[in-house]
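Student: Structure file my_file.pdb (PDB, C-alpha atoms) is given on the next line.
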```pdb
ATOM      1  CA  MET C 516      -0.795   3.019 -20.360  1.00  0.00           C
ATOM      2  CA  ALA C 517       2.956   3.322 -20.977  1.00  0.00           C
ATOM      3  CA  ARG C 518       3.456   4.826 -17.549  1.00  0.00           C
ATOM      4  CA  VAL C 519       1.741   1.830 -15.934  1.00  0.00           C
ATOM      5  CA  ALA C 520       4.132  -0.559 -17.623  1.00  0.00           C
ATOM      6  CA  ALA C 521       7.054   1.661 -16.657  1.00  0.00           C
ATOM      7  CA  LEU C 522       6.010   1.779 -13.022  1.00  0.00           C
ATOM      8  CA  ALA C 523       5.414  -1.958 -12.938  1.00  0.00           C
ATOM      9  CA  CYS C 524       8.893  -2.478 -14.381  1.00  0.00           C
ATOM     10  CA  ILE C 525      10.465  -0.194 -11.781  1.00  0.00           C
ATOM     11  CA  VAL C 526       8.787  -2.089  -8.958  1.00  0.00           C
ATOM     12  CA  ALA C 527       9.592  -5.491 -10.452  1.00  0.00           C
ATOM     13  CA  CYS C 528      13.210  -4.680 -11.270  1.00  0.00           C
ATOM     14  CA  GLY C 529      14.149  -3.843  -7.704  1.00  0.00           C
ATOM     15  CA  SER C 530      14.493  -1.007  -5.279  1.00  0.00           C
ATOM     16  CA  GLY C 531      17.882   0.147  -6.432  1.00  0.00           C
ATOM     17  CA  GLY C 532      18.751   0.691  -2.768  1.00  0.00           C
ATOM     18  CA  LYS C 533      19.456  -1.004   0.490  1.00  0.00           C
ATOM     19  CA  VAL C 534      16.565  -2.499   2.437  1.00  0.00           C
ATOM     20  CA  ASP C 535      16.405  -3.856   5.948  1.00  0.00           C
ATOM     21  CA  ASN C 536      17.025  -7.511   6.707  1.00  0.00           C
ATOM     22  CA  PRO C 537      13.680  -9.041   7.721  1.00  0.00           C
ATOM     23  CA  GLY C 538      15.392 -10.695  10.710  1.00  0.00           C
ATOM     24  CA  SER C 539      13.089 -10.884  13.692  1.00  0.00           C
ATOM     25  CA  SER C 540       9.964 -10.153  11.716  1.00  0.00           C
ATOM     26  CA  GLY C 541      10.066 -13.704  10.342  1.00  0.00           C
ATOM     27  CA  GLU C 542       9.403 -12.384   6.852  1.00  0.00           C
ATOM     28  CA  THR C 543      11.306 -12.864   3.625  1.00  0.00           C
ATOM     29  CA  LYS C 544      11.988 -10.501   0.765  1.00  0.00           C
ATOM     30  CA  ASN C 545      11.339 -12.846  -2.115  1.00  0.00           C
ATOM     31  CA  ASN C 546       7.651 -12.182  -2.443  1.00  0.00           C
ATOM     32  CA  THR C 547       7.769  -8.589  -3.706  1.00  0.00           C
ATOM     33  CA  THR C 548       5.149  -8.363  -6.410  1.00  0.00           C
ATOM     34  CA  ALA C 549       4.335  -5.945  -9.181  1.00  0.00           C
ATOM     35  CA  ALA C 550       0.982  -5.513 -10.834  1.00  0.00           C
ATOM     36  CA  LYS C 551       0.549  -7.342 -14.094  1.00  0.00           C
ATOM     37  CA  ALA C 552       1.371  -5.347 -17.196  1.00  0.00           C
ATOM     38  CA  ALA C 553      -1.232  -3.248 -18.921  1.00  0.00           C
ATOM     39  CA  ASP C 554      -2.023  -6.032 -21.376  1.00  0.00           C
ATOM     40  CA  SER C 555      -3.297  -8.329 -18.611  1.00  0.00           C
ATOM     41  CA  PRO C 556      -6.476 -10.163 -19.644  1.00  0.00           C
ATOM     42  CA  ALA C 557      -8.128  -8.865 -16.466  1.00  0.00           C
ATOM     43  CA  VAL C 558      -7.763  -5.297 -17.666  1.00  0.00           C
ATOM     44  CA  THR C 559     -10.553  -4.380 -20.054  1.00  0.00           C
ATOM     45  CA  SER C 560     -10.526  -1.569 -22.582  1.00  0.00           C
ATOM     46  CA  ALA C 561     -12.503   0.514 -20.101  1.00  0.00           C
ATOM     47  CA  ALA C 562      -9.777   0.088 -17.507  1.00  0.00           C
ATOM     48  CA  LYS C 563      -7.232   1.308 -20.041  1.00  0.00           C
ATOM     49  CA  SER C 564      -9.030   4.599 -20.561  1.00  0.00           C
ATOM     50  CA  ALA C 565      -7.579   7.926 -19.504  1.00  0.00           C
ATOM     51  CA  GLN C 566     -10.047   7.973 -16.601  1.00  0.00           C
ATOM     52  CA  ALA C 567      -8.592   4.817 -15.018  1.00  0.00           C
ATOM     53  CA  PRO C 568      -6.237   6.157 -12.328  1.00  0.00           C
ATOM     54  CA  VAL C 569      -2.972   4.431 -11.605  1.00  0.00           C
ATOM     55  CA  VAL C 570      -3.089   3.445  -7.929  1.00  0.00           C
ATOM     56  CA  LEU C 571       0.251   2.591  -6.353  1.00  0.00           C
ATOM     57  CA  PHE C 572       0.139   0.483  -3.188  1.00  0.00           C
ATOM     58  CA  PHE C 573       3.441   1.052  -1.393  1.00  0.00           C
ATOM     59  CA  GLY C 574       3.973  -1.159   1.618  1.00  0.00           C
ATOM     60  CA  THR C 575       5.251  -4.302   3.292  1.00  0.00           C
ATOM     61  CA  SER C 576       4.563  -8.026   2.866  1.00  0.00           C
ATOM     62  CA  LEU C 577       0.976  -7.291   3.901  1.00  0.00           C
ATOM     63  CA  THR C 578       0.631  -5.370   0.648  1.00  0.00           C
ATOM     64  CA  ALA C 579       2.806  -7.738  -1.378  1.00  0.00           C
ATOM     65  CA  GLY C 580       0.568 -10.637  -0.333  1.00  0.00           C
ATOM     66  CA  LEU C 581       3.224 -12.875   1.198  1.00  0.00           C
ATOM     67  CA  GLY C 582       2.160 -16.517   1.024  1.00  0.00           C
ATOM     68  CA  LEU C 583      -0.491 -15.841  -1.624  1.00  0.00           C
ATOM     69  CA  GLU C 584      -0.528 -15.748  -5.403  1.00  0.00           C
ATOM     70  CA  PRO C 585       0.106 -12.237  -6.795  1.00  0.00           C
ATOM     71  CA  ASP C 586      -3.489 -11.901  -7.987  1.00  0.00           C
ATOM     72  CA  GLN C 587      -4.746 -12.792  -4.493  1.00  0.00           C
ATOM     73  CA  ALA C 588      -3.033  -9.880  -2.734  1.00  0.00           C
ATOM     74  CA  TYR C 589      -5.514  -7.243  -1.607  1.00  0.00           C
ATOM     75  CA  PRO C 590      -4.397  -4.601  -4.162  1.00  0.00           C
ATOM     76  CA  SER C 591      -5.205  -7.005  -7.014  1.00  0.00           C
ATOM     77  CA  LEU C 592      -8.533  -7.904  -5.402  1.00  0.00           C
ATOM     78  CA  ILE C 593      -9.322  -4.192  -5.150  1.00  0.00           C
ATOM     79  CA  GLU C 594      -8.548  -3.724  -8.839  1.00  0.00           C
ATOM     80  CA  LYS C 595     -11.182  -6.349  -9.643  1.00  0.00           C
ATOM     81  CA  LYS C 596     -13.688  -4.753  -7.268  1.00  0.00           C
ATOM     82  CA  ALA C 597     -13.149  -1.339  -8.826  1.00  0.00           C
ATOM     83  CA  LEU C 598     -13.765  -2.693 -12.298  1.00  0.00           C
ATOM     84  CA  ALA C 599     -16.914  -4.486 -11.146  1.00  0.00           C
ATOM     85  CA  ASP C 600     -18.134  -1.239  -9.550  1.00  0.00           C
ATOM     86  CA  GLY C 601     -17.648   0.690 -12.778  1.00  0.00           C
ATOM     87  CA  VAL C 602     -14.723   2.783 -11.511  1.00  0.00           C
ATOM     88  CA  PRO C 603     -11.763   0.983 -13.104  1.00  0.00           C
ATOM     89  CA  ILE C 604      -8.280   1.563 -11.785  1.00  0.00           C
ATOM     90  CA  LYS C 605      -4.856   0.224 -12.688  1.00  0.00           C
ATOM     91  CA  VAL C 606      -3.091  -1.152  -9.632  1.00  0.00           C
ATOM     92  CA  VAL C 607       0.658  -1.384  -9.122  1.00  0.00           C
ATOM     93  CA  ASN C 608       1.714  -3.443  -6.121  1.00  0.00           C
ATOM     94  CA  ALA C 609       4.934  -2.091  -4.591  1.00  0.00           C
ATOM     95  CA  GLY C 610       4.860  -4.176  -1.438  1.00  0.00           C
ATOM     96  CA  LEU C 611       8.209  -5.401  -0.125  1.00  0.00           C
ATOM     97  CA  SER C 612       8.492  -8.063   2.559  1.00  0.00           C
ATOM     98  CA  GLY C 613      10.436  -7.267   5.692  1.00  0.00           C
ATOM     99  CA  GLU C 614      10.619  -3.538   5.092  1.00  0.00           C
ATOM    100  CA  THR C 615      10.573  -1.049   7.946  1.00  0.00           C
ATOM    101  CA  THR C 616       9.595   2.591   7.504  1.00  0.00           C
ATOM    102  CA  ALA C 617      13.305   3.426   7.369  1.00  0.00           C
ATOM    103  CA  GLY C 618      13.750   1.006   4.482  1.00  0.00           C
ATOM    104  CA  ALA C 619      10.706   2.478   2.791  1.00  0.00           C
ATOM    105  CA  VAL C 620      12.279   5.931   2.898  1.00  0.00           C
ATOM    106  CA  ARG C 621      15.342   4.565   1.109  1.00  0.00           C
ATOM    107  CA  ARG C 622      13.207   2.842  -1.545  1.00  0.00           C
ATOM    108  CA  ILE C 623      10.512   5.408  -2.274  1.00  0.00           C
ATOM    109  CA  ASP C 624      12.435   7.526  -4.791  1.00  0.00           C
ATOM    110  CA  TRP C 625      13.076   4.458  -6.938  1.00  0.00           C
ATOM    111  CA  VAL C 626       9.413   3.515  -6.964  1.00  0.00           C
ATOM    112  CA  LEU C 627       8.372   7.081  -7.802  1.00  0.00           C
ATOM    113  CA  ARG C 628      10.387   7.140 -11.026  1.00  0.00           C
ATOM    114  CA  ALA C 629       7.112   6.630 -12.905  1.00  0.00           C
ATOM    115  CA  PRO C 630       3.931   8.564 -12.076  1.00  0.00           C
ATOM    116  CA  ALA C 631       0.842   7.394 -10.242  1.00  0.00           C
ATOM    117  CA  ASP C 632      -2.413   9.228  -9.602  1.00  0.00           C
ATOM    118  CA  LEU C 633      -3.099   7.832  -6.130  1.00  0.00           C
ATOM    119  CA  ILE C 634      -0.512   6.482  -3.702  1.00  0.00           C
ATOM    120  CA  VAL C 635      -1.531   4.299  -0.764  1.00  0.00           C
ATOM    121  CA  ILE C 636       1.153   4.141   1.933  1.00  0.00           C
ATOM    122  CA  GLU C 637       1.102   1.095   4.207  1.00  0.00           C
ATOM    123  CA  GLY C 638       4.080   1.187   6.535  1.00  0.00           C
ATOM    124  CA  GLY C 639       5.073   0.423  10.080  1.00  0.00           C
ATOM    125  CA  ALA C 640       4.115  -3.227  10.533  1.00  0.00           C
ATOM    126  CA  ASN C 641       7.736  -4.341  10.758  1.00  0.00           C
ATOM    127  CA  ASP C 642       8.648  -1.408  12.989  1.00  0.00           C
ATOM    128  CA  ALA C 643       5.981  -2.583  15.424  1.00  0.00           C
ATOM    129  CA  LEU C 644       7.024  -6.239  15.237  1.00  0.00           C
ATOM    130  CA  ARG C 645      10.546  -5.205  16.192  1.00  0.00           C
ATOM    131  CA  GLY C 646       9.507  -2.749  18.865  1.00  0.00           C
ATOM    132  CA  LEU C 647      11.187   0.175  17.110  1.00  0.00           C
ATOM    133  CA  PRO C 648      10.500   3.670  18.496  1.00  0.00           C
ATOM    134  CA  PRO C 649       7.137   5.061  17.323  1.00  0.00           C
ATOM    135  CA  GLU C 650       8.728   8.490  16.943  1.00  0.00           C
ATOM    136  CA  ASP C 651      11.118   7.072  14.356  1.00  0.00           C
ATOM    137  CA  ALA C 652       8.203   5.588  12.434  1.00  0.00           C
ATOM    138  CA  ARG C 653       6.416   8.939  12.602  1.00  0.00           C
ATOM    139  CA  ALA C 654       9.411  10.771  11.149  1.00  0.00           C
ATOM    140  CA  ASN C 655       9.813   8.195   8.401  1.00  0.00           C
ATOM    141  CA  LEU C 656       6.148   8.347   7.415  1.00  0.00           C
ATOM    142  CA  GLU C 657       6.443  12.114   7.163  1.00  0.00           C
ATOM    143  CA  GLN C 658       9.526  11.688   4.970  1.00  0.00           C
ATOM    144  CA  LEU C 659       7.630   9.287   2.711  1.00  0.00           C
ATOM    145  CA  ILE C 660       4.839  11.809   2.227  1.00  0.00           C
ATOM    146  CA  ALA C 661       7.360  14.588   1.592  1.00  0.00           C
ATOM    147  CA  ALA C 662       9.111  12.427  -1.016  1.00  0.00           C
ATOM    148  CA  VAL C 663       5.858  11.785  -2.862  1.00  0.00           C
ATOM    149  CA  ARG C 664       5.016  15.488  -2.881  1.00  0.00           C
ATOM    150  CA  ALA C 665       8.477  16.379  -4.143  1.00  0.00           C
ATOM    151  CA  LYS C 666       8.471  13.795  -6.933  1.00  0.00           C
ATOM    152  CA  GLN C 667       4.766  13.700  -7.804  1.00  0.00           C
ATOM    153  CA  PRO C 668       3.050  16.821  -6.462  1.00  0.00           C
ATOM    154  CA  GLU C 669      -0.236  16.062  -8.211  1.00  0.00           C
ATOM    155  CA  ALA C 670      -0.616  12.567  -6.772  1.00  0.00           C
ATOM    156  CA  LYS C 671      -3.248  11.999  -4.097  1.00  0.00           C
ATOM    157  CA  ILE C 672      -1.817  10.395  -0.960  1.00  0.00           C
ATOM    158  CA  VAL C 673      -3.562   8.205   1.592  1.00  0.00           C
ATOM    159  CA  LEU C 674      -2.063   6.639   4.709  1.00  0.00           C
ATOM    160  CA  VAL C 675      -3.128   3.292   6.143  1.00  0.00           C
ATOM    161  CA  GLN C 676      -3.517   2.922   9.912  1.00  0.00           C
ATOM    162  CA  MET C 677      -1.339   0.207  11.394  1.00  0.00           C
ATOM    163  CA  GLU C 678      -1.242  -1.173  14.926  1.00  0.00           C
ATOM    164  CA  ALA C 679       1.401  -2.689  17.205  1.00  0.00           C
ATOM    165  CA  PRO C 680       1.043  -6.148  18.758  1.00  0.00           C
ATOM    166  CA  PRO C 681       0.148  -6.124  22.458  1.00  0.00           C
ATOM    167  CA  ASN C 682       3.305  -7.852  23.669  1.00  0.00           C
ATOM    168  CA  PHE C 683       5.200  -4.547  23.954  1.00  0.00           C
ATOM    169  CA  GLY C 684       2.760  -3.169  26.483  1.00  0.00           C
ATOM    170  CA  VAL C 685      -0.088  -0.688  26.535  1.00  0.00           C
ATOM    171  CA  ALA C 686       2.095   2.425  26.454  1.00  0.00           C
ATOM    172  CA  TYR C 687       3.860   1.291  23.293  1.00  0.00           C
ATOM    173  CA  THR C 688       0.706   0.221  21.471  1.00  0.00           C
ATOM    174  CA  ARG C 689      -1.013   3.514  22.292  1.00  0.00           C
ATOM    175  CA  SER C 690       1.982   5.557  21.168  1.00  0.00           C
ATOM    176  CA  PHE C 691       2.251   3.559  17.957  1.00  0.00           C
ATOM    177  CA  HIS C 692      -1.454   3.873  17.203  1.00  0.00           C
ATOM    178  CA  ALA C 693      -1.368   7.646  17.707  1.00  0.00           C
ATOM    179  CA  ILE C 694       1.296   8.418  15.129  1.00  0.00           C
ATOM    180  CA  TYR C 695      -1.004   7.680  12.180  1.00  0.00           C
ATOM    181  CA  PRO C 696      -3.845  10.134  12.878  1.00  0.00           C
ATOM    182  CA  GLU C 697      -1.264  12.682  13.973  1.00  0.00           C
ATOM    183  CA  VAL C 698       0.747  12.347  10.742  1.00  0.00           C
ATOM    184  CA  ALA C 699      -2.430  12.366   8.642  1.00  0.00           C
ATOM    185  CA  LYS C 700      -3.599  15.569  10.312  1.00  0.00           C
ATOM    186  CA  LYS C 701      -0.223  17.283  10.104  1.00  0.00           C
ATOM    187  CA  GLU C 702       0.295  16.351   6.458  1.00  0.00           C
ATOM    188  CA  SER C 703      -3.362  16.793   5.405  1.00  0.00           C
ATOM    189  CA  VAL C 704      -3.688  13.302   3.968  1.00  0.00           C
ATOM    190  CA  THR C 705      -6.588  10.882   4.273  1.00  0.00           C
ATOM    191  CA  LEU C 706      -6.204   8.140   6.882  1.00  0.00           C
ATOM    192  CA  LEU C 707      -7.659   4.746   6.021  1.00  0.00           C
ATOM    193  CA  PRO C 708      -8.791   2.341   8.785  1.00  0.00           C
ATOM    194  CA  PHE C 709      -6.510  -0.314  10.264  1.00  0.00           C
ATOM    195  CA  LEU C 710      -5.461  -2.591   7.430  1.00  0.00           C
ATOM    196  CA  LEU C 711      -6.179  -5.837   9.290  1.00  0.00           C
ATOM    197  CA  ASP C 712      -9.410  -4.757  10.962  1.00  0.00           C
ATOM    198  CA  GLY C 713     -11.573  -7.837  11.543  1.00  0.00           C
ATOM    199  CA  VAL C 714      -8.723 -10.123  10.468  1.00  0.00           C
ATOM    200  CA  ALA C 715      -5.813  -9.684  12.891  1.00  0.00           C
ATOM    201  CA  GLY C 716      -5.734 -12.259  15.677  1.00  0.00           C
ATOM    202  CA  ILE C 717      -8.365 -14.529  14.127  1.00  0.00           C
ATOM    203  CA  PRO C 718      -6.662 -17.869  13.321  1.00  0.00           C
ATOM    204  CA  ARG C 719      -9.104 -18.992  10.626  1.00  0.00           C
ATOM    205  CA  LEU C 720      -8.422 -15.790   8.644  1.00  0.00           C
ATOM    206  CA  ASN C 721      -4.643 -15.986   8.785  1.00  0.00           C
ATOM    207  CA  GLN C 722      -1.827 -18.150   7.527  1.00  0.00           C
ATOM    208  CA  PRO C 723       0.029 -20.429   9.989  1.00  0.00           C
ATOM    209  CA  ASP C 724       2.421 -17.586  10.901  1.00  0.00           C
ATOM    210  CA  GLY C 725      -0.514 -15.789  12.506  1.00  0.00           C
ATOM    211  CA  VAL C 726       0.533 -12.521  10.865  1.00  0.00           C
ATOM    212  CA  HIS C 727      -0.385 -12.657   7.189  1.00  0.00           C
ATOM    213  CA  PRO C 728      -3.999 -13.111   6.049  1.00  0.00           C
ATOM    214  CA  ASN C 729      -4.983 -16.210   4.116  1.00  0.00           C
ATOM    215  CA  LEU C 730      -7.161 -15.777   1.047  1.00  0.00           C
ATOM    216  CA  THR C 731     -10.349 -15.525   3.115  1.00  0.00           C
ATOM    217  CA  GLY C 732      -8.765 -12.874   5.324  1.00  0.00           C
ATOM    218  CA  GLU C 733      -7.303 -11.077   2.329  1.00  0.00           C
ATOM    219  CA  ARG C 734     -10.752 -10.732   0.810  1.00  0.00           C
ATOM    220  CA  ILE C 735     -11.928  -9.045   4.013  1.00  0.00           C
ATOM    221  CA  VAL C 736      -8.933  -6.702   3.864  1.00  0.00           C
ATOM    222  CA  ALA C 737      -9.780  -5.853   0.260  1.00  0.00           C
ATOM    223  CA  ASP C 738     -13.429  -5.201   1.141  1.00  0.00           C
ATOM    224  CA  ASN C 739     -12.472  -2.870   3.982  1.00  0.00           C
ATOM    225  CA  VAL C 740      -9.838  -0.953   2.050  1.00  0.00           C
ATOM    226  CA  TRP C 741     -11.978  -0.574  -1.058  1.00  0.00           C
ATOM    227  CA  LYS C 742     -14.911   0.724   0.974  1.00  0.00           C
ATOM    228  CA  ALA C 743     -12.723   3.537   2.276  1.00  0.00           C
ATOM    229  CA  LEU C 744     -10.804   4.053  -0.960  1.00  0.00           C
ATOM    230  CA  LYS C 745     -13.682   4.089  -3.442  1.00  0.00           C
ATOM    231  CA  PRO C 746     -14.810   7.710  -2.901  1.00  0.00           C
ATOM    232  CA  ILE C 747     -11.193   8.843  -3.123  1.00  0.00           C
ATOM    233  CA  VAL C 748     -10.764   6.998  -6.413  1.00  0.00           C
ATOM    234  CA  GLY C 749     -13.948   8.679  -7.637  1.00  0.00           C
ATOM    235  CA  SER C 750     -12.562  12.135  -6.924  1.00  0.00           C
ATOM    236  CA  VAL C 751      -9.258  11.281  -8.608  1.00  0.00           C
ATOM    237  CA  ARG C 752     -11.093  10.038 -11.700  1.00  0.00           C
ATOM    238  CA  LEU C 753     -13.100  13.253 -11.886  1.00  0.00           C
ATOM    239  CA  SER C 754      -9.908  15.263 -11.625  1.00  0.00           C
ATOM    240  CA  LEU C 755      -8.326  13.285 -14.461  1.00  0.00           C
ATOM    241  CA  LEU C 756     -11.402  13.751 -16.616  1.00  0.00           C
ATOM    242  CA  HIS C 757     -11.399  17.488 -15.955  1.00  0.00           C
ATOM    243  CA  LYS C 758      -7.734  17.715 -16.995  1.00  0.00           C
ATOM    244  CA  GLN C 759      -8.439  15.713 -20.131  1.00  0.00           C
ATOM    245  CA  GLN C 760     -11.296  17.993 -21.125  1.00  0.00           C
ATOM    246  CA  ASN C 761      -9.178  21.085 -20.645  1.00  0.00           C
TER
END
```
What is this file in C-alpha cells?

Tutor:
Amino acid sequence: MARVAALACIVACGSGGKVDNPGSSGETKNNTTAAKAADSPAVTSAAKSAQAPVVLFFGTSLTAGLGLEPDQAYPSLIEKKALADGVPIKVVNAGLSGETTAGAVRRIDWVLRAPADLIVIEGGANDALRGLPPEDARANLEQLIAAVRAKQPEAKIVLVQMEAPPNFGVAYTRSFHAIYPEVAKKESVTLLPFLLDGVAGIPRLNQPDGVHPNLTGERIVADNVWKALKPIVGSVRLSLLHKQQN
C-alpha cells in the first residue's frame, strides 16, 4: 500500500499550484482532507490486499466534507460501505474547498503524482455558484479527463453530474446540466447521478449555509454514490486480479 500512502501525502501536502480564491462561493480552503494512511484502524487486512483498488475522489468542498469530520465525508463513508459489502477499497479524498474547474485543471497533475485505480471527478459546483460560463466548465472537465489519461492511462474515470442553482435562470441551468452527459459521451466515461440528489434544497439535510450536507445528508450522498459506483469498483477489482494472476 505504499502508493496509497504516497498519494495521501501528495494530497495532504498541498496542490503545488495556484488555486482560485473561494470569494463569492462562501467557502474556505482550510478543510481539504486526505484519506487516512494505510495503517488506519478502519482498514482491515482484506482492504490492504492487492484486490483493494485505490479510489481517488477529486473534487470541491462537497468531496472534502466541509463542516464535517474527515471520516464523515462521503468518500470515507463509501470506504466503510465497500468494506461492509465485501468489496474493499482504499479511498483518497482530494477534495479542495472553493475550487473551480479551472483551479482543478491547475491542481490535477500534482494529485496524479501517485497512481490510483479509479478516479472520481466531482467538479463544477463553484463554477455554477459564480455563474461562470458552462462552456468553460465543459472545456476544463475535458482537460481533467485528458490529464488523467496522460498521467495514468490505466485508471478508470467516472464523472459526477453537478447542477447549477436556479437563480441564474432556466437557460443557464439547462446549459450547465447538459455539459456533463455531453462530456461523458464524448470522452467515453461513466456519468454518475447528481451528487446531491435527494439532499440539495432540503434544510434538514444541510448545514446552515444551505449548500453543504450535514451528516444525515452526507450519508444519503454516500448511499447514492456507492450504489452507482459499486459495479464499477467490482470491474476494477476483477481487472486488478487478472493482472495479478498474469

Student: Can you tell me how far CA of Gln566 (chain C) sits from CA of Leu598 (chain C), in Å to one decimal?

Tutor: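 We find that CA of Gln566 (chain C) and CA of Leu598 (chain C) lie 12.1 Å from each other.
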
Student: So what do you get for CA of Lys666 (chain C) versus CA of Asn608 (chain C), distance-wise?

Tutor: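 Separation between CA of Lys666 (chain C) and CA of Asn608 (chain C): 18.5 Å.
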
Student: For this structure, which residues satisfy the selection - the PyMOL selection byres ((chain C and resi 623) around 10) - when it is evaluated on the file as given? I want them as a tab-separated table (two decimals) with C-alpha atoms, in the frame of the given file.

Tutor:
```
chain	number	residue	atom	x	y	z
C	530	SER	CA	14.49	-1.01	-5.28
C	531	GLY	CA	17.88	0.15	-6.43
C	532	GLY	CA	18.75	0.69	-2.77
C	573	PHE	CA	3.44	1.05	-1.39
C	609	ALA	CA	4.93	-2.09	-4.59
C	618	GLY	CA	13.75	1.01	4.48
C	619	ALA	CA	10.71	2.48	2.79
C	620	VAL	CA	12.28	5.93	2.90
C	621	ARG	CA	15.34	4.57	1.11
C	622	ARG	CA	13.21	2.84	-1.54
C	624	ASP	CA	12.44	7.53	-4.79
C	625	TRP	CA	13.08	4.46	-6.94
C	626	VAL	CA	9.41	3.52	-6.96
C	627	LEU	CA	8.37	7.08	-7.80
C	628	ARG	CA	10.39	7.14	-11.03
C	658	GLN	CA	9.53	11.69	4.97
C	659	LEU	CA	7.63	9.29	2.71
C	660	ILE	CA	4.84	11.81	2.23
C	662	ALA	CA	9.11	12.43	-1.02
C	663	VAL	CA	5.86	11.78	-2.86
C	666	LYS	CA	8.47	13.80	-6.93
```

Student: Ranking C:Glu733, C:Gly713, C:Asp724, C:Arg664 by minimum distance to Pro585 (chain C) and counting all atoms listed in the file, which one comes first?

Tutor: C:Glu733

Student: Give me, please, the distance in Å between CA of Ile634 (chain C) and CA of Lys605 (chain C), quoted to one decimal.

Tutor: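 For CA of Ile634 (chain C) relative to CA of Lys605 (chain C), the distance reads 11.8 Å.
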
Student: Would you mind telling me which residue in C:Val748, C:Ala670, C:Asn641, C:Val736 lies nearest to Asp600 (chain C) when using all atoms listed in the file?

Tutor: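 Checking each of C:Val748, C:Ala670, C:Asn641, C:Val736 against Asp600 (chain C), counting all atoms listed in the file, the winner is C:Val748.
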
Student: Could you check which of C:Lys745, C:Gln760, C:Ile717, C:Val698 is closest to Gly601 (chain C), using all atoms listed in the file?

Tutor: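 Under the stated criterion, the closest residue is C:Lys745.
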
Student: Return the single residue from C:Asp642, C:Glu678, C:Glu584, C:Asp632 that is closest to His692 (chain C), with distances computed using all atoms listed in the file.

Tutor: C:Glu678

Student: Box time for region 576-580 of chain C: axis-aligned, enclosing all its listed atoms, 3 Å extra on each side; report centre and edge lengths in Å to one decimal, as AutoDock Vina command-line options.

Tutor:
```
--center_x 2.6 --center_y -8.0 --center_z 1.3 --size_x 10.0 --size_y 11.3 --size_z 11.3
```

Student: Expand the PyMOL selection byres ((chain C and resi 750) around 12) into the explicit residue set it covers here, and present it as number ranges by chain.

Tutor: C: 566-568, 602, 632-633, 670-671, 744-749, 751-757

Student: Go through C:Ala588, C:Leu730, C:Val569, C:Val704 one by one, measure the shortest atom-to-atom distance of each to Ile672 (chain C) using only C-alpha atoms, and give the residue with the smallest value.

Tutor: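 Among C:Ala588, C:Leu730, C:Val569, C:Val704, it is C:Val704 that comes nearest to Ile672 (chain C).
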
Student: Restricting the calculation to all atoms listed in the file, which member of C:Leu710, C:Gly574, C:Ala597, C:Thr688 is positioned closest to Val740 (chain C)?

Tutor: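 Using all atoms listed in the file, the shortest distance to Val740 (chain C) belongs to C:Leu710.
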
Student: Give me the residues within 6 Å of Ala737 (chain C) as a list of chain:residue names, counting only C-alpha atoms and dropping any in the same chain fewer than 3 places off.

Tutor: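 The neighbour list is C:Tyr589, C:Ile593, C:Arg734, C:Val740, C:Trp741.
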
Student: I need the output of the PyMOL selection byres ((chain C and resi 714) around 12) for this file as a compact mmCIF listing (two decimals) with C-alpha atoms, in the coordinates of the input; which residues are they?

Tutor:
```txt
# COMPACT_ATOMS: atom_id res chain seq x y z
CA PHE C 709 -6.51 -0.31 10.26
CA LEU C 710 -5.46 -2.59 7.43
CA LEU C 711 -6.18 -5.84 9.29
CA ASP C 712 -9.41 -4.76 10.96
CA GLY C 713 -11.57 -7.84 11.54
CA ALA C 715 -5.81 -9.68 12.89
CA GLY C 716 -5.73 -12.26 15.68
CA ILE C 717 -8.36 -14.53 14.13
CA PRO C 718 -6.66 -17.87 13.32
CA ARG C 719 -9.10 -18.99 10.63
CA LEU C 720 -8.42 -15.79 8.64
CA ASN C 721 -4.64 -15.99 8.78
CA GLN C 722 -1.83 -18.15 7.53
CA GLY C 725 -0.51 -15.79 12.51
CA VAL C 726 0.53 -12.52 10.86
CA HIS C 727 -0.38 -12.66 7.19
CA PRO C 728 -4.00 -13.11 6.05
CA ASN C 729 -4.98 -16.21 4.12
CA LEU C 730 -7.16 -15.78 1.05
CA THR C 731 -10.35 -15.52 3.12
CA GLY C 732 -8.76 -12.87 5.32
CA GLU C 733 -7.30 -11.08 2.33
CA ARG C 734 -10.75 -10.73 0.81
CA ILE C 735 -11.93 -9.04 4.01
CA VAL C 736 -8.93 -6.70 3.86
CA ALA C 737 -9.78 -5.85 0.26
CA ASP C 738 -13.43 -5.20 1.14
CA ASN C 739 -12.47 -2.87 3.98
```
